[in-house]
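The file start14.cif contains mmCIF, C-alpha atoms and all ligand atoms:
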data_entry
#
loop_
_atom_site.label_atom_id
_atom_site.label_comp_id
_atom_site.auth_asym_id
_atom_site.auth_seq_id
_atom_site.Cartn_x
_atom_site.Cartn_y
_atom_site.Cartn_z
CA LYS F 1 -28.26 -15.62 -1.91
CA LYS F 2 -25.71 -13.10 -3.12
CA ARG F 3 -22.18 -14.47 -3.31
CA ILE F 4 -19.39 -12.09 -2.38
CA ALA F 5 -15.72 -13.00 -2.88
CA VAL F 6 -12.70 -11.35 -1.34
CA MET F 7 -9.08 -11.53 -2.44
CA THR F 8 -5.73 -10.00 -1.56
CA SER F 9 -3.39 -8.96 -4.35
CA GLY F 10 -0.03 -7.25 -4.91
CA GLY F 11 2.37 -6.85 -1.98
CA ASP F 12 1.20 -8.20 1.36
CA ALA F 13 0.40 -5.78 4.16
CA PRO F 14 -0.44 -6.26 7.85
CA GLY F 15 -4.19 -5.91 8.30
CA MET F 16 -5.12 -7.75 5.09
CA ASN F 17 -6.32 -10.72 7.16
CA ALA F 18 -8.44 -8.44 9.29
CA ALA F 19 -9.98 -7.08 6.06
CA VAL F 20 -10.73 -10.59 4.76
CA ARG F 21 -12.24 -11.53 8.12
CA ALA F 22 -14.45 -8.45 8.11
CA VAL F 23 -15.67 -9.02 4.53
CA VAL F 24 -16.41 -12.68 5.21
CA ARG F 25 -18.27 -12.06 8.45
CA MET F 26 -20.16 -8.99 7.27
CA SER F 27 -21.25 -10.89 4.14
CA ILE F 28 -22.56 -13.73 6.27
CA ALA F 29 -24.21 -11.32 8.70
CA GLN F 30 -26.01 -9.72 5.75
CA GLY F 31 -27.35 -13.08 4.59
CA CYS F 32 -24.86 -13.50 1.73
CA GLU F 33 -22.45 -16.32 0.97
CA ALA F 34 -18.77 -15.47 1.39
CA TYR F 35 -15.93 -16.76 -0.77
CA ALA F 36 -12.18 -16.26 -0.74
CA ILE F 37 -10.07 -16.30 -3.85
CA TYR F 38 -6.65 -17.60 -2.90
CA GLU F 39 -3.37 -16.34 -4.44
CA GLY F 40 -4.79 -13.08 -5.84
CA TYR F 41 -5.64 -12.91 -9.54
CA GLU F 42 -3.66 -16.13 -10.08
CA GLY F 43 -6.38 -17.97 -8.15
CA LEU F 44 -9.08 -16.29 -10.18
CA VAL F 45 -7.42 -17.31 -13.44
CA GLN F 46 -6.82 -20.88 -12.21
CA GLY F 47 -10.23 -21.36 -10.53
CA GLY F 48 -11.03 -24.73 -8.89
CA LYS F 49 -9.41 -25.16 -5.48
CA PHE F 50 -8.39 -21.49 -5.40
CA ILE F 51 -12.01 -20.36 -4.92
CA LYS F 52 -13.27 -21.44 -1.52
CA ARG F 53 -16.52 -20.92 0.35
CA MET F 54 -15.77 -19.24 3.67
CA HIS F 55 -17.66 -19.74 6.88
CA TRP F 56 -17.69 -17.66 10.06
CA GLU F 57 -15.19 -19.90 11.85
CA ASP F 58 -12.78 -20.03 8.88
CA VAL F 59 -11.50 -16.57 9.74
CA ARG F 60 -11.35 -17.02 13.50
CA GLY F 61 -8.17 -15.50 14.94
CA TRP F 62 -7.27 -13.69 11.69
CA LEU F 63 -7.56 -10.21 13.16
CA SER F 64 -4.02 -10.10 14.48
CA GLU F 65 -2.23 -12.28 11.91
CA GLY F 66 0.39 -10.61 9.71
CA GLY F 67 0.72 -11.07 5.94
CA THR F 68 -2.24 -12.58 4.11
CA LEU F 69 -3.48 -16.07 4.94
CA ILE F 70 -5.32 -16.41 1.60
CA GLY F 71 -2.07 -15.70 -0.26
CA THR F 72 -1.19 -13.06 -2.79
CA ALA F 73 0.62 -13.14 -6.11
CA ARG F 74 1.64 -11.03 -9.07
CA CYS F 75 -0.25 -12.51 -12.01
CA LYS F 76 0.84 -11.70 -15.54
CA ALA F 77 -2.02 -13.68 -17.07
CA PHE F 78 -4.61 -11.32 -15.58
CA THR F 79 -3.05 -8.32 -17.31
CA GLU F 80 -4.15 -9.91 -20.60
CA ARG F 81 -7.74 -10.28 -21.75
CA THR F 82 -7.43 -14.07 -22.16
CA GLY F 83 -6.52 -14.35 -18.47
CA ARG F 84 -9.44 -12.16 -17.45
CA LEU F 85 -11.72 -14.28 -19.65
CA ARG F 86 -10.73 -17.35 -17.64
CA GLY F 87 -11.26 -15.39 -14.44
CA ALA F 88 -14.76 -14.40 -15.57
CA LYS F 89 -15.60 -18.01 -16.34
CA HIS F 90 -14.54 -19.15 -12.88
CA LEU F 91 -16.62 -16.45 -11.21
CA VAL F 92 -19.72 -17.36 -13.23
CA LEU F 93 -19.26 -21.07 -12.55
CA ALA F 94 -18.97 -20.30 -8.82
CA GLY F 95 -22.00 -17.97 -8.99
CA ILE F 96 -19.98 -14.98 -7.70
CA ASP F 97 -20.86 -11.52 -8.98
CA ALA F 98 -19.23 -9.29 -6.38
CA LEU F 99 -15.52 -9.02 -5.74
CA VAL F 100 -13.79 -7.14 -2.95
CA VAL F 101 -10.13 -6.68 -3.86
CA CYS F 102 -7.61 -5.65 -1.21
CA GLY F 103 -4.39 -4.47 -2.85
CA GLY F 104 -2.43 -1.56 -4.25
CA ASP F 105 -3.15 0.65 -7.25
CA GLY F 106 -2.13 -2.07 -9.73
CA SER F 107 -4.56 -4.57 -8.24
CA LEU F 108 -7.39 -2.04 -8.12
CA THR F 109 -6.76 -0.97 -11.73
CA GLY F 110 -6.96 -4.63 -12.76
CA ALA F 111 -10.25 -5.00 -10.89
CA ASP F 112 -11.77 -1.96 -12.57
CA ILE F 113 -10.69 -3.10 -16.04
CA PHE F 114 -12.25 -6.49 -15.28
CA ARG F 115 -15.55 -4.85 -14.33
CA SER F 116 -15.57 -2.63 -17.42
CA GLU F 117 -15.15 -5.70 -19.67
CA TRP F 118 -17.73 -7.76 -17.84
CA PRO F 119 -20.72 -8.09 -20.19
CA GLY F 120 -18.31 -8.48 -23.12
CA LEU F 121 -16.37 -11.25 -21.37
CA LEU F 122 -19.62 -13.12 -20.69
CA ALA F 123 -20.78 -12.78 -24.29
CA GLU F 124 -17.44 -14.13 -25.47
CA LEU F 125 -17.58 -17.08 -23.05
CA THR F 126 -21.10 -17.91 -24.23
CA LYS F 127 -20.01 -17.74 -27.87
CA LEU F 128 -17.08 -20.04 -27.10
CA GLY F 129 -19.51 -22.48 -25.43
CA GLU F 130 -17.64 -22.19 -22.10
CA ILE F 131 -20.80 -21.13 -20.28
CA SER F 132 -24.47 -21.31 -21.23
CA GLU F 133 -26.81 -18.36 -21.79
CA ASP F 134 -28.72 -19.52 -18.71
CA GLN F 135 -25.59 -19.47 -16.57
CA CYS F 136 -24.75 -15.91 -17.44
CA SER F 137 -28.29 -14.48 -17.44
CA SER F 138 -28.12 -13.60 -13.73
CA PHE F 139 -24.60 -12.10 -13.97
CA LYS F 140 -25.27 -8.97 -15.94
CA THR F 141 -22.95 -6.83 -13.81
CA LEU F 142 -19.88 -7.42 -11.72
CA ASN F 143 -19.61 -5.41 -8.52
CA ILE F 144 -16.08 -4.43 -7.66
CA VAL F 145 -15.08 -2.74 -4.42
CA GLY F 146 -11.49 -1.79 -3.65
CA LEU F 147 -9.81 -1.88 -0.25
CA VAL F 148 -6.36 -0.36 -0.22
CA GLY F 149 -3.79 -2.69 1.32
CA SER F 150 -0.31 -1.23 1.09
CA ILE F 151 2.42 -0.51 3.63
CA ASP F 152 3.57 2.53 1.62
CA ASN F 153 0.43 4.65 2.21
CA ASP F 154 0.79 5.60 -1.43
CA MET F 155 -2.86 5.79 -2.55
CA SER F 156 -4.41 9.19 -3.18
CA SER F 157 -7.88 10.03 -1.83
CA THR F 158 -7.39 8.20 1.43
CA ASP F 159 -5.52 9.29 4.54
CA ALA F 160 -4.29 5.81 5.38
CA THR F 161 -3.92 2.47 3.65
CA ILE F 162 -4.25 -0.85 5.45
CA GLY F 163 -0.79 -1.84 6.70
CA ALA F 164 0.93 1.55 6.66
CA TYR F 165 0.72 2.24 10.40
CA SER F 166 1.84 -1.31 11.27
CA SER F 167 4.85 -0.86 9.05
CA LEU F 168 5.58 2.55 10.53
CA THR F 169 5.35 1.09 14.03
CA ARG F 170 7.87 -1.60 13.08
CA ILE F 171 10.25 0.96 11.60
CA CYS F 172 10.04 3.06 14.78
CA GLN F 173 10.80 0.03 16.94
CA ALA F 174 13.78 -0.82 14.76
CA VAL F 175 15.12 2.75 14.87
CA ASP F 176 14.66 2.79 18.66
CA PHE F 177 16.84 -0.32 18.86
CA ILE F 178 19.40 1.24 16.56
CA ASP F 179 19.34 4.43 18.64
CA ALA F 180 20.63 2.56 21.67
CA THR F 181 23.67 1.17 19.90
CA ALA F 182 24.26 4.43 18.00
CA TYR F 183 24.30 6.32 21.30
CA SER F 184 26.56 3.79 23.00
CA HIS F 185 29.23 3.94 20.27
CA SER F 186 28.58 7.51 19.22
CA ARG F 187 27.77 6.24 15.73
CA ALA F 188 25.73 7.36 12.76
CA PHE F 189 23.20 5.05 11.13
CA VAL F 190 21.71 5.39 7.70
CA VAL F 191 18.40 3.52 7.75
CA GLU F 192 16.78 2.55 4.46
CA VAL F 193 13.02 2.13 4.57
CA MET F 194 10.49 1.07 1.93
CA GLY F 195 8.66 3.49 -0.38
CA ARG F 196 9.42 3.61 -4.11
CA HIS F 197 7.25 6.55 -5.12
CA CYS F 198 5.94 7.55 -1.75
CA GLY F 199 7.98 8.95 1.12
CA TRP F 200 5.25 8.64 3.74
CA LEU F 201 7.02 5.87 5.69
CA ALA F 202 10.35 7.70 5.63
CA LEU F 203 8.84 11.06 6.54
CA MET F 204 6.69 9.73 9.38
CA ALA F 205 9.53 7.54 10.65
CA GLY F 206 11.71 10.65 10.67
CA LEU F 207 9.10 12.55 12.64
CA SER F 208 8.46 9.81 15.14
CA THR F 209 12.10 8.97 15.82
CA GLY F 210 13.53 12.49 15.63
CA ALA F 211 15.86 11.62 12.75
CA ASP F 212 18.50 14.15 11.74
CA PHE F 213 17.83 14.04 8.01
CA VAL F 214 15.29 12.34 5.74
CA PHE F 215 15.36 11.62 2.00
CA LEU F 216 12.06 11.28 0.11
CA PRO F 217 11.11 10.60 -3.51
CA GLU F 218 8.59 13.47 -3.81
CA LYS F 219 10.73 16.19 -2.33
CA PRO F 220 14.37 15.80 -3.34
CA PRO F 221 16.83 17.92 -1.37
CA GLN F 222 18.22 21.16 -2.79
CA ASP F 223 21.47 21.02 -4.76
CA LYS F 224 24.55 20.71 -2.56
CA TRP F 225 22.47 18.94 0.05
CA GLU F 226 25.56 17.07 1.19
CA LYS F 227 26.94 20.26 2.77
CA GLU F 228 23.60 21.08 4.36
CA MET F 229 23.22 17.59 5.81
CA CYS F 230 26.72 17.76 7.30
CA ARG F 231 26.09 21.23 8.71
CA ILE F 232 22.91 20.10 10.44
CA ILE F 233 24.52 16.97 11.87
CA LYS F 234 27.79 18.59 12.94
CA THR F 235 27.12 22.09 14.09
CA VAL F 236 25.25 23.93 16.74
CA ASP F 237 22.49 25.88 15.08
CA PRO F 238 23.48 29.56 14.70
CA ASN F 239 20.25 30.62 16.35
CA PRO F 240 19.77 28.37 19.36
CA SER F 241 16.82 30.36 20.69
CA THR F 242 14.67 29.12 17.84
CA HIS F 243 16.51 25.85 17.17
CA PRO F 244 17.84 24.18 20.33
CA PRO F 245 21.47 23.10 19.85
CA ILE F 246 21.02 19.36 19.79
CA HIS F 247 23.62 18.25 17.31
CA ARG F 248 27.04 16.66 17.47
CA ALA F 249 28.87 19.83 18.47
CA ALA F 250 26.51 20.16 21.41
CA GLY F 251 27.19 16.66 22.62
CA LYS F 252 24.62 14.63 20.68
CA ARG F 253 26.07 11.12 20.47
CA LYS F 254 23.98 9.62 17.72
CA THR F 255 22.95 10.44 14.18
CA ILE F 256 20.04 8.85 12.32
CA VAL F 257 19.46 9.49 8.62
CA ILE F 258 16.42 7.89 6.99
CA VAL F 259 16.44 7.14 3.28
CA ALA F 260 13.33 6.03 1.40
CA GLU F 261 14.17 3.30 -1.11
CA GLY F 262 12.96 5.58 -3.91
CA ALA F 263 14.88 8.68 -2.72
CA ILE F 264 16.28 10.76 -5.57
CA ASP F 265 18.01 14.05 -6.16
CA ARG F 266 16.67 16.83 -8.38
CA GLU F 267 18.18 15.15 -11.43
CA LEU F 268 16.34 11.92 -10.58
CA LYS F 269 19.60 10.20 -9.60
CA PRO F 270 18.98 7.73 -6.75
CA ILE F 271 20.26 8.83 -3.35
CA THR F 272 21.46 5.56 -1.91
CA ALA F 273 22.22 4.67 1.69
CA THR F 274 25.78 3.83 0.63
CA TYR F 275 26.31 7.30 -0.84
CA VAL F 276 24.94 8.98 2.30
CA ARG F 277 27.16 6.78 4.47
CA ASP F 278 30.24 7.71 2.43
CA ILE F 279 29.50 11.42 2.90
CA LEU F 280 29.15 11.01 6.66
CA VAL F 281 32.41 9.06 6.83
CA ASP F 282 34.42 11.26 4.46
CA GLU F 283 33.17 14.67 5.54
CA LEU F 284 32.40 14.19 9.22
CA ARG F 285 34.57 11.20 10.10
CA LEU F 286 31.59 9.57 11.74
CA ASP F 287 31.63 5.83 12.36
CA THR F 288 28.63 5.14 10.12
CA ARG F 289 26.65 1.95 9.53
CA ILE F 290 23.83 1.16 7.13
CA THR F 291 20.71 -0.72 8.17
CA THR F 292 18.33 -1.78 5.41
CA LEU F 293 15.14 -2.74 7.18
CA GLY F 294 13.80 -4.73 4.21
CA HIS F 295 10.97 -7.18 4.68
CA VAL F 296 10.71 -6.92 8.47
CA GLN F 297 8.74 -3.77 7.66
CA ARG F 298 6.00 -5.84 6.03
CA GLY F 299 5.75 -8.68 8.51
CA GLY F 300 4.42 -9.27 11.95
CA THR F 301 1.11 -8.55 13.54
CA ALA F 302 -1.05 -5.62 12.51
CA CYS F 303 -1.13 -2.68 14.92
CA ALA F 304 -4.42 -1.72 16.57
CA PHE F 305 -5.10 1.06 14.04
CA ASP F 306 -4.79 -1.29 11.07
CA ARG F 307 -7.03 -3.88 12.70
CA ILE F 308 -9.68 -1.25 13.27
CA LEU F 309 -9.24 0.32 9.82
CA ALA F 310 -9.45 -3.05 8.05
CA THR F 311 -12.49 -4.11 10.04
CA LEU F 312 -14.44 -0.90 9.46
CA GLN F 313 -13.46 -0.79 5.80
CA GLY F 314 -14.30 -4.48 5.24
CA GLU F 315 -17.73 -3.84 6.70
CA GLU F 316 -18.18 -0.78 4.47
CA ALA F 317 -17.05 -2.77 1.40
CA VAL F 318 -19.88 -5.27 1.85
CA LYS F 319 -22.37 -2.42 2.34
CA ALA F 320 -21.07 -0.84 -0.89
CA VAL F 321 -21.55 -4.14 -2.73
CA LEU F 322 -25.13 -4.43 -1.52
CA GLU F 323 -25.95 -0.81 -2.41
CA SER F 324 -24.19 -0.74 -5.77
CA THR F 325 -25.94 -0.09 -9.06
CA PRO F 326 -24.45 -0.34 -12.57
CA ASP F 327 -24.33 3.45 -12.95
CA ILE F 328 -22.15 3.97 -9.85
CA PRO F 329 -18.44 3.68 -10.67
CA SER F 330 -16.49 1.09 -8.66
CA PRO F 331 -15.86 2.52 -5.21
CA MET F 332 -12.68 2.44 -3.21
CA ILE F 333 -13.16 2.41 0.54
CA ALA F 334 -11.13 5.22 2.06
CA ILE F 335 -10.63 6.99 5.36
CA ASN F 336 -10.79 10.79 5.36
CA GLU F 337 -10.51 12.86 8.50
CA ASN F 338 -11.24 9.78 10.56
CA LYS F 339 -14.40 8.81 8.72
CA ILE F 340 -14.77 5.73 6.54
CA THR F 341 -15.76 6.94 3.08
CA ARG F 342 -16.33 5.73 -0.49
CA LYS F 343 -14.35 7.32 -3.33
CA PRO F 344 -14.47 6.62 -7.07
CA LEU F 345 -11.79 3.97 -7.43
CA MET F 346 -10.36 5.08 -10.76
CA ASP F 347 -10.11 8.74 -9.69
CA ALA F 348 -7.94 7.63 -6.77
CA VAL F 349 -5.80 5.44 -9.03
CA ARG F 350 -5.44 8.25 -11.58
CA LEU F 351 -4.30 10.72 -8.91
CA THR F 352 -1.85 8.17 -7.50
CA LYS F 353 -0.33 7.59 -10.92
CA ALA F 354 -0.17 11.35 -11.51
CA VAL F 355 2.20 11.73 -8.52
CA ALA F 356 4.65 9.20 -10.02
CA GLU F 357 4.32 10.98 -13.36
CA CYS F 358 5.14 14.38 -11.77
CA ILE F 359 8.24 12.91 -10.12
CA LYS F 360 9.34 11.40 -13.44
CA ASN F 361 8.99 14.84 -15.06
CA LYS F 362 10.89 16.57 -12.22
CA ASP F 363 7.73 18.45 -11.30
CA PHE F 364 8.31 18.08 -7.56
CA ALA F 365 6.05 20.97 -6.62
CA GLY F 366 3.27 19.26 -8.59
CA ALA F 367 3.93 15.97 -6.79
CA MET F 368 3.74 17.66 -3.39
CA ASP F 369 0.61 19.52 -4.43
CA LEU F 370 -1.08 16.25 -5.36
CA ARG F 371 0.02 14.63 -2.09
CA ASP F 372 -1.13 17.58 0.00
CA PRO F 373 -2.78 20.60 -1.66
CA GLU F 374 -2.25 22.61 1.54
CA PHE F 375 1.49 21.93 1.66
CA GLU F 376 3.69 25.02 1.65
CA GLU F 377 7.43 25.00 1.10
P1 LIG F 401 1.84 -2.94 -4.48
O1 LIG F 401 1.46 -1.52 -4.16
O2 LIG F 401 2.17 -3.74 -3.30
O3 LIG F 401 2.84 -3.07 -5.59
P2 LIG F 401 -0.18 -3.51 -6.43
O4 LIG F 401 -1.58 -3.98 -6.32
O5 LIG F 401 0.03 -2.15 -7.03
O6 LIG F 401 0.47 -3.63 -5.01
P3 LIG F 401 0.84 -4.83 -8.79
O7 LIG F 401 1.95 -5.82 -8.93
O8 LIG F 401 0.93 -3.57 -9.54
O9 LIG F 401 0.68 -4.59 -7.23
O10 LIG F 401 -0.53 -5.53 -9.22
C1 LIG F 401 -0.91 -6.80 -8.69
C2 LIG F 401 -1.58 -7.62 -9.77
O11 LIG F 401 -2.74 -6.90 -10.24
C3 LIG F 401 -0.73 -7.85 -11.01
O12 LIG F 401 0.16 -8.94 -10.87
C4 LIG F 401 -1.80 -8.13 -12.06
O13 LIG F 401 -2.26 -9.45 -11.96
C5 LIG F 401 -2.93 -7.18 -11.63
N1 LIG F 401 -2.85 -5.94 -12.42
C6 LIG F 401 -2.07 -4.86 -12.20
N2 LIG F 401 -2.25 -3.92 -13.15
C7 LIG F 401 -3.18 -4.41 -13.99
C8 LIG F 401 -3.81 -3.91 -15.19
N3 LIG F 401 -3.52 -2.73 -15.70
N4 LIG F 401 -4.71 -4.71 -15.80
C9 LIG F 401 -5.03 -5.91 -15.30
N5 LIG F 401 -4.47 -6.43 -14.18
C10 LIG F 401 -3.57 -5.70 -13.54
#

Please rewrite the model in this file as structure tokens.
Amino acid sequence: KKRIAVMTSGGDAPGMNAAVRAVVRMSIAQGCEAYAIYEGYEGLVQGGKFIKRMHWEDVRGWLSEGGTLIGTARCKAFTERTGRLRGAKHLVLAGIDALVVCGGDGSLTGADIFRSEWPGLLAELTKLGEISEDQCSSFKTLNIVGLVGSIDNDMSSTDATIGAYSSLTRICQAVDFIDATAYSHSRAFVVEVMGRHCGWLALMAGLSTGADFVFLPEKPPQDKWEKEMCRIIKTVDPNPSTHPPIHRAAGKRKTIVIVAEGAIDRELKPITATYVRDILVDELRLDTRITTLGHVQRGGTACAFDRILATLQGEEAVKAVLESTPDIPSPMIAINENKITRKPLMDAVRLTKAVAECIKNKDFAGAMDLRDPEFEE
């Protein structure tokens, strides 16, 4: 029987448990044995109690649970070949030759490197006497399939990552709560949301809460944005027929500004919530508070979309394992225009890294083009 293992790695995201549940149950339904590797790559490097056989009932009730019940970790050892050698040994000893990794671009890069080293790692283990020739004869290839678990929605080649919509939902709820108090006291709130290289959460939160101004990493504001932000918040638009006059001068009692944690200006200087608050206080005399949403954005139950996404993608991951051949590059399970798809994993990782690279080089148009080729200024 084929043995398929699943692990979660990198930052936790709502929906990861639903993904693990789907992989476990689909594996069993397909006549395979399912395993979970606890604590991400740390569990793979440690082996032993971290690699557990999973049965149908072991994942009962996991669909709605937040975080990841099989644990996650950042593992330095796995970034080095010696760590991956130990990981390979533990997989061979457990008879596992297929690994479904649910994590961000770092975790998926690690998985692909691991696969590319596979026959070499086995040869080395045999030479070291850690495993016998017999043990490794049936493990010629390692199947890797990536599932993208990340609240940031920062992976290229897929429309949504597992956890992003749950996080967005939580942010919207929080801003709705803040709205009530902002309105009551006629206050401004600067809300900091997660997203180091990707402004998806900030942008979508801005859209879904009707925020007054949004700061993103990929699209820094024009120079002298401070003036523009104040103008928008304070004044009635000069052309109310196209832009309804909804701002302070027209009686709007609340102001919401959303700042992504990775927001920067055109010189790559961070735009912090504190700086934005100071502008609102100094220039507009608004009673302004900062709310940093922090880890509440990661926690809690997965929203319906993430449960569905993780379940359909987990199912597809097992199918991809069973259909894989050594000449097919490791796939990443994606969703494109509402269809579950398979994309070459390393192409997606490369594109994702290219966005960060563009931002670093102040090529903001390039970053936006990679995010959305149809985007127009
Ligand atoms: P998030 O988007 O939440 O940060 P991530 O998967 O990108 O998730 P990382 O911390 O980058 O998070 O990676 C998680 C783990 O994956 C690392 O601790 C390390 O064990 C492994 N890993 C990352 N990059 C590599 C690499 N280049 N080679 C081998 N292993 C890697």

Ligand LIG 401 (chain F) neighbours within 7 Å using only C-alpha atoms and all ligand atoms, as a list in words: Ser9, Gly10, Gly11, Asp12, Tyr41, Ala73, Arg74, Cys75, Lys76, Ala77, Phe78, Thr79, Glu80, Gly103, Gly104, Asp105, Gly106, Ser107, Leu108, Thr109, Gly110, Ala111, Ile113 and Ser150 of chain F

Interatomic distance (Å, one decimal) between CA of Ala260 in chain F and CA of Arg285 in chain F: 23.5 Å

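The shortest atom-to-atom distance to Asp282 in chain F, with only C-alpha atoms taken into account, belongs to F:Glu226 out of F:Asp372, F:Asp97, F:Glu226, F:Asp306.
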
Computed interatomic separation between CA of Thr325 in chain F and CA of Ser116 in chain F (Å): 13.6 Å

Selection: 12 Å around Leu122 in chain F, all atoms listed in the file, excl. self and same-chain fewer than 4 positions, as a VMD selection string: chain F and resid 84 to 93 97 114 to 118 126 to 142

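The spacing separating CA of Val296 in chain F from CA of Ile264 in chain F amounts to 23.3 Å.
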
Give, as lines of an AutoDock Vina configuration file, the centre coordinates and the x, y and z edge lengths in Å to one decimal for an axis-aligned box around all listed atoms of range 353-360 of chain F, padded by 4 Å on each side.
center_x = 4.5
center_y = 11.0
center_z = -11.0
size_x = 17.7
size_y = 14.8
size_z = 12.9

Residue contacts of Asn153 in chain F (12 Å, all atoms listed in the file) excluding same-chain residues fewer than 2 positions away, as a VMD selection string: chain F and resid 13 103 to 105 148 to 151 155 to 168 194 to 204 306 334 to 335 352 371

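Using only C-alpha atoms, the shortest contact distance between Tyr183 in chain F and any of F:Gly146, F:Phe215, F:Ile232, F:Thr255 is found at F:Thr255.
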
For Thr292 in chain F: contacts at 12 Å, only C-alpha atoms, fewer than 5 positions along chain excluded, given as a CSV table (one decimal) with C-alpha atoms, in the coordinates of the input:
chain,number,residue,atom,x,y,z
F,171,ILE,CA,10.2,1.0,11.6
F,174,ALA,CA,13.8,-0.8,14.8
F,175,VAL,CA,15.1,2.8,14.9
F,178,ILE,CA,19.4,1.2,16.6
F,189,PHE,CA,23.2,5.0,11.1
F,190,VAL,CA,21.7,5.4,7.7
F,191,VAL,CA,18.4,3.5,7.8
F,192,GLU,CA,16.8,2.6,4.5
F,193,VAL,CA,13.0,2.1,4.6
F,194,MET,CA,10.5,1.1,1.9
F,257,VAL,CA,19.5,9.5,8.6
F,258,ILE,CA,16.4,7.9,7.0
F,259,VAL,CA,16.4,7.1,3.3
F,260,ALA,CA,13.3,6.0,1.4
F,261,GLU,CA,14.2,3.3,-1.1
F,272,THR,CA,21.5,5.6,-1.9
F,273,ALA,CA,22.2,4.7,1.7
F,274,THR,CA,25.8,3.8,0.6
F,297,GLN,CA,8.7,-3.8,7.7

Selection near Ala302 in chain F, 7 Å with all atoms listed in the file, sequence-local residues under 2 positions removed, as a PyMOL selection string: chain F and resi 14-15+64-66+163+166+300+304+306-307

Proximity to Ala310 in chain F - best of F:Glu57, F:Tyr38, F:Leu121, F:Leu63, only C-alpha atoms: F:Leu63
